[in-house]
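Note: the block below is input-v4.csv and it holds CSV, C-alpha atoms and all ligand atoms.
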```csv
chain,number,residue,atom,x,y,z
A,768,MET,CA,9.0,107.4,47.0
A,769,TYR,CA,6.2,105.1,45.9
A,770,ILE,CA,7.0,101.5,45.0
A,771,ASP,CA,4.7,98.6,44.2
A,772,ASN,CA,4.3,95.8,46.7
A,773,PHE,CA,6.9,93.0,46.2
A,774,LYS,CA,4.4,90.3,45.5
A,775,VAL,CA,6.7,87.3,46.0
A,776,GLU,CA,7.9,88.6,49.3
A,777,ASP,CA,4.3,89.4,50.4
A,778,TRP,CA,3.4,85.8,49.7
A,779,PHE,CA,6.2,84.3,51.7
A,780,ASN,CA,5.7,86.7,54.6
A,781,GLU,CA,2.1,85.6,54.9
A,782,TYR,CA,2.3,81.8,54.1
A,783,GLU,CA,5.8,80.4,54.5
A,784,LYS,CA,5.5,80.0,58.3
A,785,LEU,CA,2.2,78.0,57.8
A,786,SER,CA,3.8,75.4,55.6
A,787,THR,CA,5.1,71.9,56.4
A,788,TYR,CA,6.4,71.2,52.9
A,789,ASP,CA,8.0,74.3,51.4
A,790,MET,CA,8.2,73.6,47.7
A,791,ALA,CA,8.9,77.2,46.8
A,792,ASP,CA,12.4,77.8,48.2
A,793,THR,CA,15.0,79.1,45.6
A,794,CYS,CA,18.2,78.2,47.5
A,795,VAL,CA,20.0,74.9,47.2
A,796,GLU,CA,19.7,73.6,50.8
A,797,SER,CA,21.5,76.1,53.0
A,798,PHE,CA,24.6,75.3,55.0
A,799,THR,CA,25.1,75.6,58.8
A,800,LEU,CA,28.5,77.1,59.6
A,801,ASN,CA,29.5,73.6,60.9
A,802,GLU,CA,28.6,72.0,57.6
A,803,LEU,CA,30.4,74.7,55.6
A,804,LEU,CA,33.6,74.4,57.7
A,805,GLN,CA,33.5,70.6,57.5
A,806,LEU,CA,33.0,70.6,53.8
A,807,VAL,CA,36.0,72.9,53.2
A,808,GLY,CA,38.2,71.1,55.7
A,809,ASN,CA,38.7,74.0,58.0
A,810,ASN,CA,39.4,73.6,61.7
A,811,ASN,CA,38.9,75.5,64.9
A,812,ASP,CA,41.5,78.1,64.0
A,813,GLU,CA,39.0,79.7,61.7
A,814,LEU,CA,36.5,80.0,64.4
A,815,GLU,CA,39.1,81.2,66.9
A,816,TYR,CA,40.1,84.0,64.4
A,817,ILE,CA,36.6,85.2,63.9
A,818,MET,CA,35.7,85.0,67.6
A,819,ASN,CA,38.5,87.4,68.4
A,820,LYS,CA,38.0,89.8,65.5
A,821,LYS,CA,36.9,93.2,66.5
A,822,LEU,CA,33.4,93.9,65.1
A,823,ASN,CA,34.1,97.2,63.5
A,824,TYR,CA,32.9,98.1,60.0
A,825,GLY,CA,35.6,95.9,58.5
A,826,ASP,CA,36.9,96.7,55.0
A,827,ILE,CA,34.5,99.3,53.7
A,828,GLN,CA,34.6,98.0,50.1
A,829,GLY,CA,35.0,94.4,51.2
A,830,SER,CA,38.3,92.6,51.9
A,831,GLN,CA,41.0,92.1,49.3
A,832,LYS,CA,40.7,88.3,49.7
A,833,LEU,CA,37.0,88.5,49.0
A,834,HIS,CA,37.5,90.7,45.9
A,835,SER,CA,40.1,88.2,44.6
A,836,ALA,CA,37.8,85.3,45.2
A,837,ILE,CA,34.9,87.0,43.4
A,838,LYS,CA,37.3,87.9,40.5
A,839,SER,CA,37.9,84.2,40.0
A,840,LEU,CA,34.3,83.8,38.8
A,841,TYR,CA,34.8,86.0,35.8
A,842,ASN,CA,37.0,86.0,32.7
A,843,ASN,CA,37.0,89.8,32.5
A,844,THR,CA,39.0,91.0,35.5
A,845,ASN,CA,39.2,94.6,34.4
A,846,PHE,CA,35.9,95.8,35.9
A,847,PRO,CA,35.8,97.0,39.5
A,848,ILE,CA,33.8,95.1,42.1
A,849,THR,CA,31.9,96.3,45.1
A,850,ILE,CA,30.3,94.3,47.9
A,851,THR,CA,26.6,94.7,48.8
A,852,HIS,CA,23.9,93.5,51.1
A,853,GLY,CA,22.9,90.5,49.0
A,854,ALA,CA,22.0,90.5,45.4
A,855,ILE,CA,18.9,92.4,46.4
A,856,GLY,CA,21.2,95.3,47.6
A,857,ALA,CA,23.3,94.9,44.4
A,858,ASN,CA,20.3,95.3,42.0
A,859,GLN,CA,18.9,98.2,43.9
A,860,LEU,CA,22.2,100.1,43.9
A,861,VAL,CA,22.7,99.6,40.2
A,862,MET,CA,19.3,100.9,39.4
A,863,GLN,CA,19.5,103.9,41.7
A,864,ALA,CA,22.9,104.7,40.2
A,865,ILE,CA,22.0,104.7,36.6
A,866,ILE,CA,18.3,105.3,36.2
A,867,ASN,CA,16.8,108.8,36.1
A,868,SER,CA,13.2,109.8,35.8
A,869,GLY,CA,12.0,109.5,32.2
A,870,ASP,CA,14.7,106.9,31.2
A,871,LYS,CA,13.5,104.0,29.2
A,872,VAL,CA,14.1,100.5,30.7
A,873,VAL,CA,13.3,97.2,29.1
A,874,SER,CA,12.9,94.3,31.5
A,875,ILE,CA,12.7,90.6,30.4
A,876,ILE,CA,10.1,88.9,32.6
A,877,PRO,CA,9.0,86.8,34.5
A,878,THR,CA,11.9,87.7,36.8
A,879,TYR,CA,12.7,89.0,40.3
A,880,GLN,CA,10.3,91.9,40.7
A,881,GLN,CA,13.1,94.4,41.5
A,882,HIS,CA,13.9,94.4,37.8
A,883,TYR,CA,10.8,96.2,36.8
A,884,SER,CA,9.3,97.7,40.0
A,885,ILE,CA,12.4,99.7,41.1
A,886,PRO,CA,12.9,101.3,37.7
A,887,LYS,CA,9.2,102.2,37.6
A,888,SER,CA,9.5,103.7,41.1
A,889,LEU,CA,12.4,105.8,39.9
A,890,GLY,CA,10.2,107.3,37.2
A,891,ALA,CA,11.5,105.2,34.3
A,892,ASN,CA,9.3,104.2,31.4
A,893,VAL,CA,9.4,100.4,31.8
A,894,LYS,CA,8.6,98.1,28.9
A,895,THR,CA,8.4,94.3,29.5
A,896,VAL,CA,9.2,91.5,27.2
A,897,PHE,CA,7.8,88.1,28.3
A,898,LEU,CA,9.7,84.9,28.1
A,899,LYS,CA,7.3,82.6,26.2
A,900,GLU,CA,6.6,78.9,26.8
A,901,GLU,CA,6.7,78.2,23.1
A,902,ASN,CA,10.3,79.5,23.0
A,903,ASN,CA,11.3,77.2,25.9
A,904,TRP,CA,11.2,80.3,28.1
A,905,LEU,CA,13.9,82.1,26.1
A,906,PRO,CA,13.5,85.7,24.9
A,907,ASP,CA,12.1,86.5,21.5
A,908,ILE,CA,14.9,88.3,19.8
A,909,ASP,CA,12.7,89.9,17.2
A,910,GLU,CA,10.4,91.3,19.9
A,911,LEU,CA,13.4,92.6,21.8
A,912,LYS,CA,14.7,94.4,18.7
A,913,GLU,CA,11.3,96.1,18.4
A,914,VAL,CA,11.1,97.2,22.0
A,915,VAL,CA,14.7,98.3,22.6
A,916,GLY,CA,15.2,101.7,21.1
A,917,ASN,CA,18.1,104.1,20.8
A,918,ASN,CA,17.0,105.8,24.0
A,919,THR,CA,16.8,102.6,26.1
A,920,LYS,CA,19.1,103.2,29.0
A,921,LEU,CA,19.0,99.7,30.5
A,922,ILE,CA,18.0,96.2,29.7
A,923,CYS,CA,17.3,94.1,32.8
A,924,MET,CA,17.5,90.3,32.8
A,925,ASN,CA,18.2,87.3,35.0
A,926,ASN,CA,20.2,84.4,33.6
A,927,PRO,CA,19.8,81.5,34.5
A,928,ASN,CA,16.2,82.6,35.0
A,929,ASN,CA,14.1,82.5,38.1
A,930,PRO,CA,11.3,81.2,37.8
A,931,THR,CA,11.5,79.3,34.5
A,932,GLY,CA,14.9,77.7,34.9
A,933,SER,CA,15.8,78.6,31.3
A,934,VAL,CA,19.5,79.4,30.4
A,935,ILE,CA,20.2,81.8,27.6
A,936,PRO,CA,22.9,80.2,25.4
A,937,GLN,CA,25.9,82.3,24.6
A,938,ASN,CA,25.0,82.9,20.9
A,939,MET,CA,21.6,84.3,22.0
A,940,LEU,CA,23.3,86.4,24.7
A,941,GLU,CA,25.5,87.8,21.9
A,942,GLU,CA,22.4,88.7,19.9
A,943,ILE,CA,21.0,90.5,22.8
A,944,ILE,CA,24.3,92.3,23.3
A,945,THR,CA,24.2,93.3,19.6
A,946,ILE,CA,20.8,95.0,20.2
A,947,ALA,CA,22.1,96.7,23.3
A,948,ARG,CA,25.3,97.9,21.7
A,949,LYS,CA,23.4,99.3,18.7
A,950,ASN,CA,21.3,101.4,21.1
A,951,ASN,CA,24.1,102.2,23.5
A,952,SER,CA,22.1,100.5,26.4
A,953,TYR,CA,23.5,99.0,29.5
A,954,ILE,CA,22.6,95.4,30.3
A,955,LEU,CA,22.1,94.5,34.0
A,956,CYS,CA,22.2,90.7,34.2
A,957,ASP,CA,21.2,89.3,37.6
A,958,GLU,CA,23.5,86.2,37.8
A,959,VAL,CA,22.6,84.8,41.2
A,960,TYR,CA,22.1,81.4,39.6
A,961,ARG,CA,25.2,81.5,37.3
A,962,GLY,CA,27.2,78.3,38.1
A,963,LEU,CA,24.0,76.3,38.6
A,964,GLU,CA,23.6,75.5,34.9
A,965,HIS,CA,22.6,71.8,35.0
A,966,ASN,CA,25.1,70.6,32.4
A,967,ASN,CA,27.9,71.9,34.6
A,968,ILE,CA,28.1,68.4,36.1
A,969,SER,CA,29.6,67.2,32.9
A,970,ILE,CA,31.3,70.2,31.3
A,971,GLY,CA,33.6,71.3,34.1
A,972,ASN,CA,35.4,74.7,33.9
A,973,ILE,CA,32.2,76.3,34.9
A,974,TRP,CA,33.1,80.0,35.1
A,975,GLU,CA,35.0,80.0,31.8
A,976,LYS,CA,32.2,78.2,29.9
A,977,ASN,CA,29.2,79.9,31.3
A,978,LYS,CA,30.2,83.4,30.5
A,979,SER,CA,29.0,86.4,32.5
A,980,ILE,CA,27.5,89.4,30.8
A,981,ILE,CA,30.6,91.3,31.8
A,982,ASP,CA,32.8,88.8,30.0
A,983,LEU,CA,31.0,89.6,26.7
A,984,TYR,CA,29.8,93.2,26.8
A,985,GLU,CA,31.6,96.4,27.6
A,986,LYS,CA,28.4,97.9,29.0
A,987,GLY,CA,27.4,94.8,30.9
A,988,ILE,CA,26.8,94.8,34.7
A,989,SER,CA,26.7,91.6,36.7
A,990,THR,CA,25.1,91.2,40.1
A,991,SER,CA,25.3,88.0,42.2
A,992,SER,CA,25.6,86.7,45.8
A,993,MET,CA,26.3,83.9,48.2
A,994,SER,CA,22.6,83.0,48.5
A,995,LYS,CA,21.8,80.5,45.8
A,996,VAL,CA,25.0,79.0,44.2
A,997,PHE,CA,26.8,78.9,47.6
A,998,SER,CA,23.8,78.0,49.8
A,999,LEU,CA,24.7,80.9,52.2
A,1000,ALA,CA,21.7,83.3,52.0
A,1001,GLY,CA,22.1,84.0,55.8
A,1002,LEU,CA,25.4,85.8,55.1
A,1003,ARG,CA,23.6,88.5,53.2
A,1004,LEU,CA,26.5,89.2,51.0
A,1005,GLY,CA,26.3,90.1,47.3
A,1006,TRP,CA,28.3,92.0,44.7
A,1007,ILE,CA,28.3,94.1,41.6
A,1008,VAL,CA,30.8,94.0,38.8
A,1009,ALA,CA,30.4,96.9,36.5
A,1010,PRO,CA,32.3,99.3,34.1
A,1011,LYS,CA,34.2,102.0,35.9
A,1012,GLU,CA,32.0,104.9,35.0
A,1013,VAL,CA,29.0,103.0,36.4
A,1014,MET,CA,30.8,101.9,39.5
A,1015,ASN,CA,31.8,105.5,40.3
A,1016,LYS,CA,28.1,106.3,40.5
A,1017,ILE,CA,27.2,103.1,42.4
A,1018,ILE,CA,29.8,104.0,45.1
A,1019,ILE,CA,28.2,107.3,45.8
A,1020,HIS,CA,24.8,105.6,46.4
A,1021,ARG,CA,26.5,102.8,48.3
A,1022,GLU,CA,27.9,105.3,50.8
A,1023,TYR,CA,24.4,106.4,51.7
A,1024,ASN,CA,22.9,102.9,52.2
A,1025,THR,CA,25.5,100.3,52.9
A,1026,ILE,CA,28.7,101.7,54.5
A,1027,SER,CA,30.1,98.1,54.6
A,1028,VAL,CA,29.0,94.5,54.8
A,1029,SER,CA,29.6,92.7,58.1
A,1030,PRO,CA,33.2,91.5,58.4
A,1031,ILE,CA,31.7,88.2,59.6
A,1032,ASP,CA,29.8,87.8,56.3
A,1033,ASP,CA,32.9,88.8,54.4
A,1034,TYR,CA,35.1,86.3,56.3
A,1035,PHE,CA,32.8,83.2,55.7
A,1036,SER,CA,32.0,84.2,52.2
A,1037,THR,CA,35.7,84.3,51.3
A,1038,ILE,CA,36.1,80.8,52.8
A,1039,ALA,CA,33.2,79.6,50.7
A,1040,LEU,CA,34.3,81.2,47.5
A,1041,GLU,CA,37.9,79.9,47.9
A,1042,ASN,CA,36.4,76.5,48.0
A,1043,LYS,CA,33.8,77.0,45.3
A,1044,ASP,CA,34.5,73.7,43.5
A,1045,LYS,CA,33.6,71.7,46.6
A,1046,ILE,CA,30.4,73.6,47.2
A,1047,LEU,CA,29.4,73.4,43.5
A,1048,THR,CA,30.0,69.7,43.4
A,1049,ARG,CA,27.7,69.3,46.5
A,1050,ASN,CA,25.1,71.7,45.1
A,1051,LEU,CA,25.0,70.4,41.5
A,1052,SER,CA,24.5,66.9,42.8
A,1053,LYS,CA,21.6,68.1,45.0
A,1054,ILE,CA,20.1,69.8,42.0
A,1055,ILE,CA,20.3,66.8,39.8
A,1056,GLU,CA,18.8,64.6,42.5
A,1057,GLY,CA,15.9,67.0,43.1
A,1058,LYS,CA,15.3,67.5,39.4
A,1059,LYS,CA,15.1,63.7,38.8
A,1060,ILE,CA,12.4,63.5,41.5
A,1061,ILE,CA,10.3,66.3,40.2
A,1062,SER,CA,10.9,65.3,36.6
A,1063,ASP,CA,9.6,61.7,37.3
A,1064,TRP,CA,6.7,63.2,39.1
A,1065,VAL,CA,5.7,65.6,36.3
A,1066,LYS,CA,5.8,62.6,33.9
A,1067,SER,CA,3.4,60.7,36.1
A,1068,GLU,CA,1.0,63.6,36.9
A,1069,PRO,CA,-1.7,64.0,34.3
A,1070,HIS,CA,-2.7,67.5,35.4
A,1071,ILE,CA,0.8,69.1,35.3
A,1072,SER,CA,3.2,69.9,32.5
A,1073,TRP,CA,6.4,71.9,32.2
A,1074,ILE,CA,9.4,73.0,30.2
A,1075,GLU,CA,12.2,71.2,31.8
A,1076,PRO,CA,14.5,73.6,33.6
A,1077,LYS,CA,18.1,73.8,32.3
A,1078,GLY,CA,19.6,75.9,35.1
A,1079,GLY,CA,19.0,77.3,38.6
A,1080,THR,CA,16.8,75.9,41.3
A,1081,THR,CA,13.2,76.6,40.1
A,1082,CYS,CA,10.7,75.7,37.4
A,1083,LEU,CA,7.2,76.6,36.4
A,1084,LEU,CA,4.6,73.9,36.7
A,1085,LYS,CA,1.6,74.4,34.4
A,1086,TYR,CA,-1.7,73.0,35.7
A,1087,ASP,CA,-4.9,72.3,33.8
A,1088,ILE,CA,-7.6,73.0,36.5
A,1089,LYS,CA,-9.8,76.0,36.5
A,1090,LYS,CA,-8.5,77.9,39.5
A,1091,SER,CA,-6.4,81.0,39.9
A,1092,SER,CA,-2.9,80.2,41.0
A,1093,VAL,CA,-3.5,82.1,44.3
A,1094,ASP,CA,-6.6,80.1,45.1
A,1095,LEU,CA,-5.0,76.8,44.2
A,1096,CYS,CA,-1.9,77.5,46.4
A,1097,LYS,CA,-4.0,78.7,49.3
A,1098,GLU,CA,-6.3,75.7,49.2
A,1099,LEU,CA,-3.5,73.3,48.8
A,1100,LEU,CA,-1.6,74.8,51.7
A,1101,ASN,CA,-4.6,74.8,53.9
A,1102,ASP,CA,-5.5,71.1,53.1
A,1103,THR,CA,-2.0,69.6,53.1
A,1104,GLY,CA,0.7,72.0,54.4
A,1105,VAL,CA,2.3,72.0,50.9
A,1106,LEU,CA,3.5,75.5,49.8
A,1107,PHE,CA,4.1,76.6,46.2
A,1108,LEU,CA,4.4,80.1,44.8
A,1109,PRO,CA,1.5,81.2,42.7
A,1110,ALA,CA,2.9,82.5,39.4
A,1111,SER,CA,0.4,85.4,39.4
A,1112,THR,CA,3.0,87.0,41.9
A,1113,LEU,CA,5.3,86.9,38.9
A,1114,GLU,CA,2.8,88.5,36.4
A,1115,MET,CA,1.8,85.0,35.0
A,1116,GLU,CA,-1.3,82.9,35.5
A,1117,GLY,CA,-1.9,79.2,35.2
A,1118,TYR,CA,1.4,78.2,36.7
A,1119,LEU,CA,3.1,77.5,40.1
A,1120,ARG,CA,6.7,78.1,40.8
A,1121,ALA,CA,8.4,75.2,42.4
A,1122,GLY,CA,11.9,74.9,43.9
A,1123,TYR,CA,13.3,71.4,43.9
A,1124,CYS,CA,16.8,71.8,45.5
A,1125,SER,CA,16.1,72.7,49.1
A,1126,GLU,CA,15.1,69.9,51.4
A,1127,ILE,CA,15.2,66.9,49.1
A,1128,SER,CA,13.8,64.7,51.8
A,1129,LYS,CA,10.6,66.7,51.8
A,1130,LEU,CA,10.3,67.1,48.1
A,1131,LYS,CA,8.9,63.6,47.3
A,1132,LYS,CA,6.4,63.8,50.2
A,1133,GLY,CA,5.2,67.2,49.1
A,1134,LEU,CA,4.8,66.2,45.5
A,1135,ASN,CA,2.8,63.0,46.5
A,1136,LEU,CA,0.6,65.1,48.7
A,1137,PHE,CA,0.0,67.5,45.8
A,1138,SER,CA,-1.0,64.5,43.5
A,1139,ASP,CA,-3.4,63.1,46.1
A,1140,TRP,CA,-4.9,66.6,46.5
A,1141,LEU,CA,-5.3,67.0,42.8
A,1142,TYR,CA,-7.0,63.6,42.5
A,1143,ASN,CA,-9.5,64.5,45.3
A,1144,THR,CA,-10.1,68.0,44.1
A,1145,ILE,CA,-10.8,67.5,40.4
B,1,LIG,C1,16.9,86.5,40.6
B,1,LIG,C2,17.1,86.9,42.0
B,1,LIG,N1,17.8,88.0,42.3
B,1,LIG,C3,18.1,88.4,43.5
B,1,LIG,C4,17.6,87.7,44.6
B,1,LIG,C5,18.0,88.2,46.0
B,1,LIG,O1,19.1,87.4,46.4
B,1,LIG,P1,19.9,87.7,47.7
B,1,LIG,O2,19.5,86.7,48.7
B,1,LIG,O3,21.3,87.6,47.4
B,1,LIG,O4,19.6,89.1,48.2
B,1,LIG,C6,16.9,86.5,44.4
B,1,LIG,C7,16.3,85.8,45.6
B,1,LIG,O5,15.4,85.0,45.4
B,1,LIG,C8,16.6,86.1,43.1
B,1,LIG,O6,15.9,85.0,42.8
```

Since I need it in another form, could you write the structure as structure tokens?
Amino acid sequence: MYIDNFKVEDWFNEYEKLSTYDMADTCVESFTLNELLQLVGNNNDELEYIMNKKLNYGDIQGSQKLHSAIKSLYNNTNFPITITHGAIGANQLVMQAIINSGDKVVSIIPTYQQHYSIPKSLGANVKTVFLKEENNWLPDIDELKEVVGNNTKLICMNNPNNPTGSVIPQNMLEEIITIARKNNSYILCDEVYRGLEHNNISIGNIWEKNKSIIDLYEKGISTSSMSKVFSLAGLRLGWIVAPKEVMNKIIIHREYNTISVSPIDDYFSTIALENKDKILTRNLSKIIEGKKIISDWVKSEPHISWIEPKGGTTCLLKYDIKKSSVDLCKELLNDTGVLFLPASTLEMEGYLRAGYCSEISKLKKGLNLFSDWLYNTI
């Protein structure tokens, strides 16, 4: 089966190890197990338990405790859940399960490349709708109405959005759902950043107020994981919540490529999810701190502009110098050790993707080095 190169992953494979200041990370600074257990107030009994647990396949579909903890993130508790190898495994399984050659898929981009390259590799006819800067990186509903037709099998989107940091408000989500419902289309919403809407610091009741696609739409499919919201990408644990008829197909594919997810990952993910409020408090405050630093920097940097992100961990920085984003990123990395992601890897040009929530201590230094470099280069 042919599939296009995954451009973002290619970039990181080649350049991440060469960087001193990684400004491209999408996770809120990851936990060590010690930090996690300290934050949630667990003691050595937890470690004793896991050290003595037989490392068999564990619960094939994920433990009951894990399922209950995931359910607590949604208002709709009627859809079945399955556990996957990260959100990357979740997205892949959904697409394999529902897309057949010749199906029409509409993908809202820029987004994680899985959302257009996997359907294409499965033989789907993929149409893309760009988020536009003039719409504050939100989808253009009229364009979507034109592109989605009555034979559109699936609409793929990512909300909150990586890379732009835009968050589709509920009334706009409902407009998208109206289009999908009229055309009998499924919506796959990759929700790996749901919970990291920046106004969550003040609104409270996060999961109730920031509704998932499955809370709003009977043909909605939600994928997510431990990587971003819970700072535990190393656990490689994600999930799918989907209508029963879709889940039945997903399970068949899952048996061929997953069997189960490690019981170690299941165990620590459950602990983290059961303590989600503590983790979110830590992570939202890191996000607000990082965003203030990058926001002040953007204001002071004449060659950079942006649409301020409203959610997630990333933003697009627009630059006004005549260089391709790949050339700019390579030269900057070579001269300073500062790493951004060139937005051409996301089908855009003239922008860099920055992450501002990982190692806050390095963020300021990296941005200052970038300013000096711009000053000396232009
Ligand atoms: C939008 C989006 N979906 C999925 C993934 C993959 O996440 P995971 O680490 O859970 O496999 C990423 C990782 O960057 C992402 O940004």

Check which residues of chain A sit at most 6 Å from ligand LIG 1 (chain B) using all atoms listed in the file, and return one row each with the closest pair of atoms and their distance in Å to one decimal, ordered by chain and rising number, as a Markdown table.
```
| residue | atom | partner | partner_atom | distance |
| --- | --- | --- | --- | --- |
| A:Thr793 | CA | B:LIG1 | O5 | 5.9 |
| A:Gly853 | CA | B:LIG1 | O4 | 3.7 |
| A:Ala854 | CA | B:LIG1 | O3 | 3.6 |
| A:Ile855 | CA | B:LIG1 | O4 | 3.8 |
| A:Tyr879 | CA | B:LIG1 | C1 | 4.9 |
| A:Asn925 | CA | B:LIG1 | C1 | 5.8 |
| A:Asn929 | CA | B:LIG1 | C1 | 5.5 |
| A:Asp957 | CA | B:LIG1 | C1 | 5.9 |
| A:Val959 | CA | B:LIG1 | N1 | 5.9 |
| A:Ser992 | CA | B:LIG1 | O3 | 4.7 |
| A:Ser994 | CA | B:LIG1 | O2 | 4.8 |
| A:Ala1000 | CA | B:LIG1 | O2 | 5.2 |
| A:Gly1005 | CA | B:LIG1 | O3 | 5.6 |
```

Nearest to Asn1042 in chain A: which of A:Leu1119, A:Lys774, A:Phe997, A:Ile1088 is it, counting all atoms listed in the file? A:Phe997

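Interatomic distance, CA of Glu941 in chain A against CA of Asp870 in chain A: 23.8 Å.
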
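With all atoms listed in the file taken into account, the protein and nucleic acid residues at most 9 Å from Glu1114 in chain A (excluding it and anything under 3 positions from it in its own chain) are Ile876, Pro877, Ala1110 and Ser1111 of chain A.
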
Generate a file of the selected residues that holds C-alpha atoms, formatted as a CSV table (one decimal), in the coordinates of the input.
```csv
chain,number,residue,atom,x,y,z
A,876,ILE,CA,10.1,88.9,32.6
A,877,PRO,CA,9.0,86.8,34.5
A,1110,ALA,CA,2.9,82.5,39.4
A,1111,SER,CA,0.4,85.4,39.4
```

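Ranking A:Ser1138, A:Asn951, A:Thr1144, A:Asn903 by their shortest atom-to-atom distance to Lys1077 in chain A, with all atoms listed in the file included, puts A:Asn903 first.
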
Selection: 12 Å around Asn1143 in chain A, all atoms listed in the file, excl. self and same-chain fewer than 3 positions, as an MDAnalysis selection string: chainID A and resid 1099 1102:1103 1136:1140

Restricting the calculation to all atoms listed in the file: of A:Asp777, A:Asp1032, A:Glu1075, A:Glu1012, which residue gets closest to Val934 in chain A? A:Glu1075

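Going from CA of Asp771 in chain A to CA of Val873 in chain A covers 17.4 Å.
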
Extract, using only C-alpha atoms, all DNA, RNA and protein residues at most 10 Å from Asp907 in chain A, discarding same-chain residues fewer than 2 positions from it, and format them as a PyMOL selection string. chain A and resi 875+896-899+902+904-905+909-912+939+943

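Taking CA of Thr1112 in chain A and CA of Leu955 in chain A as endpoints, the distance between them is 22.0 Å.
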
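Shortest separation to Arg961 in chain A among A:Tyr841, A:Lys1045, A:Glu985, A:Pro906 occurs at residue A:Tyr841, atoms counted being all atoms listed in the file.
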
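Between Ser1072 in chain A and the residues A:Asp1033, A:Glu913, A:Asp1087, A:Glu964, the shortest atom-to-atom distance, using all atoms listed in the file, involves A:Asp1087.
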
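Excluding Gly1117 in chain A itself and same-chain residues fewer than 3 positions from it, the residues having an atom within 12 Å of it are A:Glu900, A:His1070, A:Ile1071, A:Ser1072, A:Trp1073, A:Leu1083, A:Leu1084, A:Lys1085, A:Tyr1086, A:Asp1087, A:Ile1088, A:Lys1089, A:Lys1090, A:Ser1091, A:Ser1092, A:Val1093, A:Asp1094, A:Leu1095, A:Cys1096, A:Leu1108, A:Pro1109, A:Ala1110, A:Ser1111, A:Thr1112, A:Leu1113, A:Glu1114, A:Arg1120, counting all atoms listed in the file.
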
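Ranking A:Ile1038, A:Met1115, A:Ile1017, A:Ile850 by their shortest atom-to-atom distance to Asn810 in chain A, with all atoms listed in the file included, puts A:Ile1038 first.
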
Around the point (21.9, 99.6, 44.1), in the coordinates given by the file, pick out the residues reaching within 9 Å, counting all atoms listed in the file, and return them as a list of chain:residue names. A:Thr851, A:Ile855, A:Gly856, A:Ala857, A:Asn858, A:Gln859, A:Leu860, A:Val861, A:Met862, A:Gln863, A:Ala864, A:Ile1007, A:Ile1017, A:His1020, A:Arg1021, A:Asn1024

Please return, as an mmCIF file with C-alpha atoms, keeping the file's coordinate frame, all polymer residues that have at least one atom within 6 Å of the point (16.7, 75.8, 40.5); use all atoms listed in the file and the file's own coordinate frame.
```
data_model
loop_
_atom_site.group_PDB
_atom_site.id
_atom_site.type_symbol
_atom_site.label_atom_id
_atom_site.label_comp_id
_atom_site.auth_asym_id
_atom_site.auth_seq_id
_atom_site.Cartn_x
_atom_site.Cartn_y
_atom_site.Cartn_z
ATOM 1 C CA GLY A 1079 19.000 77.300 38.600
ATOM 2 C CA THR A 1080 16.800 75.900 41.300
ATOM 3 C CA THR A 1081 13.200 76.600 40.100
ATOM 4 C CA GLY A 1122 11.900 74.900 43.900
#
```

Assuming the input is short of atoms at range 895-905 of chain A, produce N, CA and C atoms for that part as a compact mmCIF listing (two decimals), in the frame of the given file.
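For reference, part_8.txt as written:
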```txt
# COMPACT_ATOMS: atom_id res chain seq x y z
N THR A 895 8.09 95.73 29.20
CA THR A 895 8.40 94.30 29.50
C THR A 895 8.37 93.46 28.28
N VAL A 896 9.25 92.51 28.24
CA VAL A 896 9.20 91.50 27.20
C VAL A 896 9.12 90.15 27.88
N PHE A 897 8.03 89.42 27.59
CA PHE A 897 7.80 88.10 28.30
C PHE A 897 8.62 87.00 27.66
N LEU A 898 9.19 86.17 28.52
CA LEU A 898 9.70 84.90 28.10
C LEU A 898 8.49 84.03 27.72
N LYS A 899 8.55 83.33 26.60
CA LYS A 899 7.30 82.60 26.20
C LYS A 899 7.59 81.08 26.26
N GLU A 900 6.53 80.39 26.69
CA GLU A 900 6.60 78.90 26.80
C GLU A 900 7.02 78.29 25.49
N GLU A 901 6.42 78.80 24.40
CA GLU A 901 6.70 78.20 23.10
C GLU A 901 8.15 78.38 22.65
N ASN A 902 8.86 79.32 23.28
CA ASN A 902 10.30 79.50 23.00
C ASN A 902 11.15 78.80 24.07
N ASN A 903 10.58 77.83 24.74
CA ASN A 903 11.30 77.20 25.90
C ASN A 903 11.74 78.21 26.91
N TRP A 904 10.91 79.20 27.12
CA TRP A 904 11.20 80.30 28.10
C TRP A 904 12.44 81.05 27.78
N LEU A 905 12.73 81.20 26.49
CA LEU A 905 13.90 82.10 26.10
C LEU A 905 13.29 83.35 25.50
```
